[in-house]
$ cat coords26.txt   # compact mmCIF, C-alpha atoms
# COMPACT_ATOMS: atom_id res chain seq x y z
CA MET F 1 0.00 0.00 0.00
CA GLY F 2 1.31 3.50 -0.87
CA LYS F 3 1.56 6.42 1.47
CA ILE F 4 -1.67 7.96 2.76
CA LYS F 5 -1.92 11.75 2.58
CA ALA F 6 -3.64 13.04 5.72
CA VAL F 7 -4.46 16.47 7.06
CA VAL F 8 -4.19 16.36 10.85
CA SER F 9 -6.04 19.00 12.86
CA LEU F 10 -4.68 19.52 16.38
CA GLY F 11 -6.89 20.86 19.18
CA HIS F 12 -6.03 22.74 22.37
CA ASP F 13 -5.02 19.54 24.22
CA ALA F 14 -2.13 19.08 21.78
CA LEU F 15 -0.68 22.50 22.62
CA GLY F 16 -1.61 23.43 26.18
CA TYR F 17 -2.78 26.87 27.24
CA THR F 18 0.45 28.70 28.22
CA THR F 19 3.95 28.91 26.77
CA LEU F 20 5.30 26.47 29.37
CA GLU F 21 2.40 24.04 28.92
CA GLN F 22 2.92 24.20 25.17
CA TRP F 23 6.63 23.41 25.55
CA ASP F 24 5.75 20.13 27.29
CA ALA F 25 2.59 19.33 25.30
CA VAL F 26 4.20 19.49 21.86
CA LYS F 27 6.73 16.83 22.87
CA GLU F 28 3.86 14.38 23.43
CA THR F 29 2.12 15.63 20.30
CA ALA F 30 5.30 15.01 18.30
CA LYS F 31 5.30 11.36 19.41
CA ALA F 32 1.73 10.86 18.13
CA LEU F 33 2.55 12.56 14.83
CA ALA F 34 5.78 10.55 14.44
CA ASP F 35 3.75 7.36 14.99
CA LEU F 36 1.62 8.27 11.97
CA ILE F 37 4.67 9.09 9.85
CA GLU F 38 6.18 5.72 10.83
CA ASP F 39 2.94 4.10 9.68
CA ASP F 40 3.37 5.62 6.19
CA TYR F 41 1.22 8.72 6.48
CA ASP F 42 2.28 11.93 4.72
CA LEU F 43 1.11 14.67 7.07
CA ILE F 44 -0.10 18.22 6.59
CA ILE F 45 -0.67 19.56 10.09
CA THR F 46 -2.90 22.42 11.17
CA HIS F 47 -3.65 23.52 14.70
CA SER F 48 -5.80 25.63 16.99
CA ASN F 49 -4.49 28.86 18.49
CA GLY F 50 -7.27 30.14 20.77
CA PRO F 51 -5.27 30.55 23.99
CA GLN F 52 -2.12 31.58 22.11
CA VAL F 53 -3.65 34.32 19.97
CA SER F 54 -5.64 35.59 22.95
CA MET F 55 -2.43 35.81 25.01
CA ILE F 56 -0.66 37.73 22.23
CA HIS F 57 -3.62 40.09 21.80
CA LYS F 58 -3.71 40.77 25.55
CA ALA F 59 0.05 41.41 25.65
CA MET F 60 -0.04 43.82 22.72
CA THR F 61 -3.08 45.65 24.11
CA GLU F 62 -1.41 46.04 27.51
CA LEU F 63 1.78 47.27 25.85
CA ARG F 64 -0.23 49.96 24.09
CA ARG F 65 -1.99 50.89 27.35
CA ILE F 66 1.30 51.32 29.26
CA TYR F 67 3.28 52.83 26.36
CA PRO F 68 0.84 54.91 24.25
CA ASP F 69 3.47 55.43 21.51
CA TYR F 70 3.20 51.75 20.57
CA THR F 71 0.61 50.81 17.95
CA PRO F 72 -1.70 47.95 19.05
CA ALA F 73 -1.36 44.82 16.89
CA ALA F 74 -4.28 43.97 14.61
CA MET F 75 -5.93 40.56 14.98
CA CYS F 76 -4.41 39.36 11.68
CA VAL F 77 -0.93 40.22 13.01
CA CYS F 78 -1.66 38.40 16.30
CA THR F 79 -2.69 35.33 14.31
CA ALA F 80 0.54 35.52 12.27
CA MET F 81 2.55 35.70 15.51
CA SER F 82 0.74 32.68 16.92
CA GLN F 83 1.30 30.70 13.69
CA GLY F 84 5.00 31.43 13.95
CA TYR F 85 5.64 30.43 17.53
CA VAL F 86 3.26 27.45 17.65
CA GLY F 87 4.64 26.19 14.34
CA TYR F 88 8.18 26.64 15.65
CA ASP F 89 7.48 24.47 18.72
CA ILE F 90 5.71 21.72 16.73
CA GLN F 91 8.37 21.78 14.00
CA ASN F 92 11.29 21.49 16.40
CA SER F 93 9.69 18.79 18.55
CA LEU F 94 8.56 16.70 15.57
CA LYS F 95 11.96 16.93 13.86
CA ALA F 96 13.70 15.87 17.09
CA GLU F 97 11.30 12.93 17.57
CA LEU F 98 11.77 11.75 13.99
CA LEU F 99 15.57 11.89 14.25
CA LYS F 100 15.36 9.92 17.50
CA ARG F 101 13.58 7.19 15.49
CA GLY F 102 16.12 7.30 12.66
CA ILE F 103 13.77 9.11 10.26
CA ASN F 104 15.39 11.94 8.30
CA LYS F 105 12.36 13.90 7.09
CA SER F 106 11.97 17.62 6.50
CA VAL F 107 9.47 19.49 8.67
CA ALA F 108 8.41 22.99 7.60
CA THR F 109 6.03 25.67 8.84
CA ILE F 110 4.33 27.98 6.34
CA LEU F 111 2.79 31.28 7.45
CA THR F 112 -0.54 30.90 5.72
CA GLN F 113 -2.96 33.58 4.56
CA VAL F 114 -6.60 32.79 3.82
CA THR F 115 -8.89 35.11 1.86
CA VAL F 116 -12.32 35.98 3.22
CA ASP F 117 -15.23 37.97 1.80
CA ALA F 118 -15.35 41.57 3.04
CA TYR F 119 -19.14 41.32 2.91
CA ASP F 120 -19.40 38.03 4.81
CA ASP F 121 -22.36 38.31 7.18
CA ALA F 122 -20.04 37.35 10.08
CA PHE F 123 -18.50 40.85 9.97
CA TYR F 124 -21.90 42.30 10.88
CA HIS F 125 -22.53 39.79 13.67
CA PRO F 126 -19.17 39.03 15.37
CA THR F 127 -19.28 36.35 18.06
CA LYS F 128 -15.71 35.17 18.78
CA ARG F 129 -14.59 36.42 22.20
CA ILE F 130 -10.95 37.43 22.54
CA GLY F 131 -8.57 39.26 24.84
CA ARG F 132 -8.79 40.30 28.48
CA HIS F 133 -11.81 41.55 30.42
CA MET F 134 -12.28 45.31 30.10
CA THR F 135 -14.07 47.97 32.13
CA ALA F 136 -17.16 49.69 30.71
CA GLU F 137 -15.01 52.72 29.88
CA GLU F 138 -12.44 50.62 27.99
CA ALA F 139 -15.23 48.81 26.13
CA ALA F 140 -16.75 52.14 25.12
CA MET F 141 -13.34 53.20 23.76
CA GLU F 142 -13.16 50.00 21.68
CA GLU F 143 -16.65 50.66 20.33
CA ARG F 144 -15.62 54.20 19.32
CA LYS F 145 -12.73 52.66 17.35
CA GLY F 146 -15.26 50.58 15.41
CA ASN F 147 -14.68 47.32 17.30
CA PHE F 148 -17.40 45.19 18.89
CA THR F 149 -17.66 44.25 22.56
CA VAL F 150 -19.97 42.11 24.66
CA GLU F 151 -20.66 42.10 28.38
CA ASP F 152 -19.55 39.06 30.37
CA PRO F 153 -21.83 39.41 33.43
CA GLY F 154 -19.92 39.89 36.65
CA LYS F 155 -16.53 40.00 34.91
CA GLY F 156 -16.60 43.02 32.61
CA TYR F 157 -16.54 43.30 28.83
CA LEU F 158 -14.76 41.34 26.09
CA ARG F 159 -13.95 42.22 22.53
CA VAL F 160 -15.64 40.06 19.91
CA VAL F 161 -14.48 39.53 16.33
CA ALA F 162 -15.98 38.00 13.21
CA THR F 163 -15.52 34.39 12.08
CA PRO F 164 -15.96 34.57 8.28
CA GLU F 165 -15.90 31.54 6.00
CA PRO F 166 -12.54 30.82 4.31
CA LEU F 167 -12.48 31.34 0.53
CA HIS F 168 -8.95 30.54 -0.67
CA ILE F 169 -5.69 29.42 0.94
CA VAL F 170 -3.17 31.84 -0.58
CA GLU F 171 -0.09 29.64 -0.07
CA ILE F 172 -1.80 26.40 -1.16
CA GLU F 173 0.65 25.73 -4.03
CA ALA F 174 3.64 26.07 -1.70
CA ILE F 175 1.96 23.72 0.79
CA LYS F 176 1.29 21.12 -1.92
CA THR F 177 4.82 21.41 -3.34
CA LEU F 178 6.43 20.84 0.06
CA SER F 179 4.07 17.99 0.88
CA ASP F 180 4.62 16.32 -2.51
CA SER F 181 8.38 16.52 -1.90
CA GLY F 182 7.94 14.39 1.23
CA ALA F 183 8.06 17.07 3.92
CA ALA F 184 5.73 17.17 6.91
CA VAL F 185 4.06 20.57 6.57
CA ILE F 186 2.54 22.74 9.30
CA ALA F 187 0.12 25.22 7.72
CA ALA F 188 -2.97 27.39 8.26
CA GLY F 189 -2.49 27.45 12.02
CA GLY F 190 -5.32 29.06 13.95
CA GLY F 191 -7.50 28.99 10.86
CA GLY F 192 -5.00 30.97 8.80
CA ILE F 193 -4.32 34.71 8.69
CA PRO F 194 -7.56 36.26 7.37
CA VAL F 195 -6.99 38.64 4.47
CA ILE F 196 -9.23 40.52 2.04
CA GLU F 197 -8.30 41.09 -1.60
CA GLN F 198 -8.34 44.82 -2.37
CA ASN F 199 -7.03 46.43 -5.56
CA GLY F 200 -4.68 43.57 -6.33
CA SER F 201 -3.22 43.29 -2.82
CA LEU F 202 -4.04 41.42 0.37
CA ARG F 203 -5.12 43.36 3.43
CA GLY F 204 -5.41 41.81 6.90
CA ALA F 205 -8.93 41.46 8.30
CA SER F 206 -10.01 41.95 11.90
CA ALA F 207 -11.31 38.41 12.23
CA VAL F 208 -10.45 34.80 13.01
CA ILE F 209 -11.24 31.75 10.90
CA GLU F 210 -12.54 28.60 12.58
CA LYS F 211 -9.86 25.90 12.73
CA ASP F 212 -12.23 23.11 11.67
CA SER F 213 -13.37 25.03 8.57
CA ILE F 214 -9.81 25.57 7.36
CA ALA F 215 -8.82 21.96 8.14
CA SER F 216 -11.61 20.80 5.83
CA ARG F 217 -10.60 23.27 3.10
CA LEU F 218 -6.92 22.30 3.44
CA ALA F 219 -7.83 18.61 3.08
CA VAL F 220 -9.92 19.28 -0.04
CA ASP F 221 -7.35 21.54 -1.70
CA THR F 222 -4.42 19.15 -1.09
CA GLY F 223 -6.36 16.08 -2.27
CA ALA F 224 -6.02 14.37 1.10
CA ASP F 225 -7.07 10.75 1.56
CA MET F 226 -8.00 11.46 5.18
CA LEU F 227 -8.90 14.29 7.50
CA ILE F 228 -7.88 13.40 11.05
CA ILE F 229 -9.38 15.65 13.73
CA LEU F 230 -7.67 15.19 17.08
CA THR F 231 -9.71 16.55 19.96
CA GLY F 232 -10.33 16.02 23.68
CA ILE F 233 -12.45 12.84 23.46
CA ASP F 234 -11.76 9.36 22.09
CA SER F 235 -14.89 9.21 19.90
CA VAL F 236 -18.00 11.13 18.89
CA LYS F 237 -20.98 10.58 21.18
CA ILE F 238 -24.71 11.11 20.86
CA ASP F 239 -26.96 11.90 23.82
CA PHE F 240 -23.81 13.36 25.38
CA GLU F 241 -23.80 13.30 29.20
CA LYS F 242 -27.23 11.62 29.31
CA ASP F 243 -28.10 8.16 30.59
CA THR F 244 -28.47 7.08 26.97
CA GLU F 245 -25.03 8.37 25.91
CA ARG F 246 -23.23 6.16 23.41
CA SER F 247 -20.16 6.34 21.21
CA ILE F 248 -20.33 6.09 17.43
CA ALA F 249 -17.65 4.01 15.74
CA LEU F 250 -18.81 4.59 12.15
CA MET F 251 -21.31 6.92 10.51
CA ASN F 252 -21.97 8.27 7.06
CA THR F 253 -22.66 11.86 6.10
CA GLY F 254 -26.41 11.23 5.92
CA GLU F 255 -26.43 10.06 9.53
CA ALA F 256 -24.18 12.95 10.51
CA LYS F 257 -26.64 15.45 8.99
CA LYS F 258 -29.50 13.78 10.84
CA TYR F 259 -27.67 14.06 14.18
CA LEU F 260 -26.88 17.71 13.42
CA SER F 261 -30.56 18.45 12.77
CA GLU F 262 -31.40 16.84 16.12
CA GLY F 263 -28.95 19.17 17.89
CA GLN F 264 -26.78 16.27 19.06
CA PHE F 265 -23.49 18.16 18.84
CA GLY F 266 -22.31 21.14 20.90
CA GLU F 267 -22.26 24.51 19.13
CA GLY F 268 -18.64 25.37 19.83
CA THR F 269 -17.30 21.85 20.38
CA MET F 270 -18.32 18.88 18.21
CA LYS F 271 -20.73 20.58 15.79
CA PRO F 272 -18.05 22.45 13.76
CA LYS F 273 -16.00 19.25 13.50
CA ILE F 274 -18.94 17.29 12.09
CA GLU F 275 -19.73 20.13 9.67
CA ALA F 276 -16.10 20.17 8.55
CA ALA F 277 -16.19 16.40 8.01
CA ILE F 278 -19.33 16.66 5.87
CA ALA F 279 -17.89 19.55 3.81
CA PHE F 280 -14.71 17.55 3.12
CA LEU F 281 -16.53 14.35 2.16
CA GLU F 282 -18.96 16.17 -0.13
CA LYS F 283 -15.92 17.25 -2.18
CA ARG F 284 -13.80 14.10 -1.63
CA PRO F 285 -16.35 11.24 -1.42
CA GLU F 286 -13.67 8.55 -1.74
CA SER F 287 -11.87 9.85 1.37
CA LYS F 288 -12.72 9.49 5.05
CA VAL F 289 -12.62 11.42 8.32
CA LEU F 290 -11.41 10.21 11.70
CA ILE F 291 -12.27 12.00 14.94
CA THR F 292 -10.48 10.87 18.09
CA SER F 293 -8.11 12.03 20.83
CA LEU F 294 -4.41 12.66 20.35
CA SER F 295 -3.36 9.79 22.62
CA LYS F 296 -5.58 7.30 20.76
CA ALA F 297 -4.73 8.33 17.19
CA ARG F 298 -2.74 5.19 16.35
CA ASP F 299 -5.34 2.91 17.99
CA ALA F 300 -8.13 4.68 16.13
CA LEU F 301 -6.41 4.25 12.76
CA ALA F 302 -6.19 0.55 13.56
CA GLY F 303 -9.97 0.51 14.10
CA ASN F 304 -9.89 0.04 17.86
CA THR F 305 -11.48 3.34 18.88
CA GLY F 306 -12.46 6.74 17.46
CA THR F 307 -15.22 7.71 15.04
CA THR F 308 -14.83 7.20 11.29
CA ILE F 309 -17.08 9.21 8.96
CA ILE F 310 -17.60 8.26 5.30
CA LYS F 311 -19.73 9.61 2.44
$ encode --input "coords26.txt" --output "structure tokens"
Amino acid sequence: MGKIKAVVSLGHDALGYTTLEQWDAVKETAKALADLIEDDYDLIITHSNGPQVSMIHKAMTELRRIYPDYTPAAMCVCTAMSQGYVGYDIQNSLKAELLKRGINKSVATILTQVTVDAYDDAFYHPTKRIGRHMTAEEAAMEERKGNFTVEDPGKGYLRVVATPEPLHIVEIEAIKTLSDSGAAVIAAGGGGIPVIEQNGSLRGASAVIEKDSIASRLAVDTGADMLIILTGIDSVKIDFEKDTERSIALMNTGEAKKYLSEGQFGEGTMKPKIEAAIAFLEKRPESKVLITSLSKARDALAGNTGTTIIK
């Protein structure tokens, strides 16, 4: 059997929530990824960045507050920063783990831009909460700058940004070229850097792109055989946290749509993963999706756990 091309989407558990947690977490993540490479998978890796981009945004906002001469960093710049340092940690840890196993394979991180529609409805109804809690006065200042805020009862106010749909991965040809050459590629971290095409150039957008959406798009555009979504649970469940809760080992997209219509999956947890799986399989019906935890990835690929979704 030839090599299997797989896009692997890493969740928060694979990275931790602070710089020190990430330092330790990526070493374990590298072992799971190296297992897949040993098993003849060509990997394109994408990852979440929620805690990381939020930390960067807070730091840059505080810097501006203390030193008014500094310009606050836009969300697109914060995402680029998070792509760089998360990619650096994964890249170094994975390369070290592969060398330890006698595998001499290139690992590369690509800062990845993703175009979005300036008129996407998400820009008029932002929902993604970011940054630190603010006072009412600070929130009012953000509103005067044209940003959106929402009250978090009892804690203060938070800035909210749009989550538009991804249109095109700008560096897709570079990603495919590196992957086709045999490298393990880390790309589109945190959903990618959102940009808008204006007068022949790309301009950063004040938004974030959902990680699951870009993982699906990345898998379609690279012609992946598999989309592997590594999350905090071993398998997808229905009737979650009820007496009738049960795990699903295998389902098709028709069943997945039925469960979605029944509201079986959490809005900000499993639902976007199932939607991403369906979107991928609609475009790549001969492929499949695996949803499982990082620690069980190898077991799940052997059919011992996890949830496999097919067309």
$ closest_residue --input "coords26.txt" --among "F:Leu227, F:Ala96, F:Leu290, F:Met81" --to "F:Leu43" --atoms "all atoms listed in the file"
F:Leu227
$ residues_near_point --input "coords26.txt" --point "(-1.1, 38.8, 26.6)" --cutoff "12 Å" --atoms "all atoms listed in the file" --output "mmCIF file with C-alpha atoms, in the frame of the given file"
data_model
loop_
_atom_site.group_PDB
_atom_site.id
_atom_site.type_symbol
_atom_site.label_atom_id
_atom_site.label_comp_id
_atom_site.auth_asym_id
_atom_site.auth_seq_id
_atom_site.Cartn_x
_atom_site.Cartn_y
_atom_site.Cartn_z
ATOM 1 C CA THR F 18 0.450 28.700 28.220
ATOM 2 C CA THR F 19 3.950 28.910 26.770
ATOM 3 C CA PRO F 51 -5.270 30.550 23.990
ATOM 4 C CA GLN F 52 -2.120 31.580 22.110
ATOM 5 C CA VAL F 53 -3.650 34.320 19.970
ATOM 6 C CA SER F 54 -5.640 35.590 22.950
ATOM 7 C CA MET F 55 -2.430 35.810 25.010
ATOM 8 C CA ILE F 56 -0.660 37.730 22.230
ATOM 9 C CA HIS F 57 -3.620 40.090 21.800
ATOM 10 C CA LYS F 58 -3.710 40.770 25.550
ATOM 11 C CA ALA F 59 0.050 41.410 25.650
ATOM 12 C CA MET F 60 -0.040 43.820 22.720
ATOM 13 C CA THR F 61 -3.080 45.650 24.110
ATOM 14 C CA GLU F 62 -1.410 46.040 27.510
ATOM 15 C CA LEU F 63 1.780 47.270 25.850
ATOM 16 C CA ARG F 64 -0.230 49.960 24.090
ATOM 17 C CA PRO F 72 -1.700 47.950 19.050
ATOM 18 C CA ALA F 73 -1.360 44.820 16.890
ATOM 19 C CA CYS F 78 -1.660 38.400 16.300
ATOM 20 C CA SER F 82 0.740 32.680 16.920
ATOM 21 C CA ILE F 130 -10.950 37.430 22.540
ATOM 22 C CA GLY F 131 -8.570 39.260 24.840
ATOM 23 C CA ARG F 132 -8.790 40.300 28.480
ATOM 24 C CA HIS F 133 -11.810 41.550 30.420
#
$ atom_distance --input "coords26.txt" --atom1 "atom CA of F:Gly192" --atom2 "atom CA of F:His12"
15.9 Å
$ atom_distance --input "coords26.txt" --atom1 "atom CA of F:Lys105" --atom2 "atom CA of F:Ile90"
14.1 Å
$ atom_distance --input "coords26.txt" --atom1 "atom CA of F:Ala139" --atom2 "atom CA of F:Val208"
19.8 Å
$ closest_residue --input "coords26.txt" --among "F:Ile291, F:Ala162, F:Ala277, F:Ala108" --to "F:Ser179" --atoms "all atoms listed in the file"
F:Ala108
$ closest_residue --input "coords26.txt" --among "F:Pro194, F:Gly11, F:Gly182, F:Gly102" --to "F:Val77" --atoms "only C-alpha atoms"
F:Pro194
$ closest_residue --input "coords26.txt" --among "F:His125, F:Arg159, F:Arg203, F:Lys258" --to "F:Glu143" --atoms "only C-alpha atoms"
F:Arg159
$ residues_near_point --input "coords26.txt" --point "(-11.9, 5.8, 16.4)" --cutoff "7 Å" --atoms "only C-alpha atoms" --output "list in words"
Asp234, Ser235, Ala249, Leu290, Ile291, Thr292, Ala300, Leu301, Gly303, Asn304, Thr305, Gly306, Thr307 and Thr308 of chain F
$ closest_residue --input "coords26.txt" --among "F:Val160, F:Ser9, F:Asn147, F:Glu267" --to "F:Val289" --atoms "only C-alpha atoms"
F:Ser9
$ closest_residue --input "coords26.txt" --among "F:Leu202, F:Val185, F:Leu230, F:Ile310" --to "F:Ala118" --atoms "all atoms listed in the file"
F:Leu202
$ residues_around --input "coords26.txt" --residues "F:Ile172" --least-positions-apart "3" --cutoff "9 Å" --atoms "all atoms listed in the file" --output "compact mmCIF listing (two decimals) with C-alpha atoms, in the frame of the given file"
# COMPACT_ATOMS: atom_id res chain seq x y z
CA THR F 112 -0.54 30.90 5.72
CA HIS F 168 -8.95 30.54 -0.67
CA ILE F 169 -5.69 29.42 0.94
CA ILE F 175 1.96 23.72 0.79
CA LYS F 176 1.29 21.12 -1.92
CA THR F 177 4.82 21.41 -3.34
CA LEU F 218 -6.92 22.30 3.44
CA ASP F 221 -7.35 21.54 -1.70
CA THR F 222 -4.42 19.15 -1.09
$ residues_around --input "coords26.txt" --residues "F:Ala140" --least-positions-apart "3" --cutoff "12 Å" --atoms "only C-alpha atoms" --output "ChimeraX atom specification"
/F:134-137,143-151,156-159
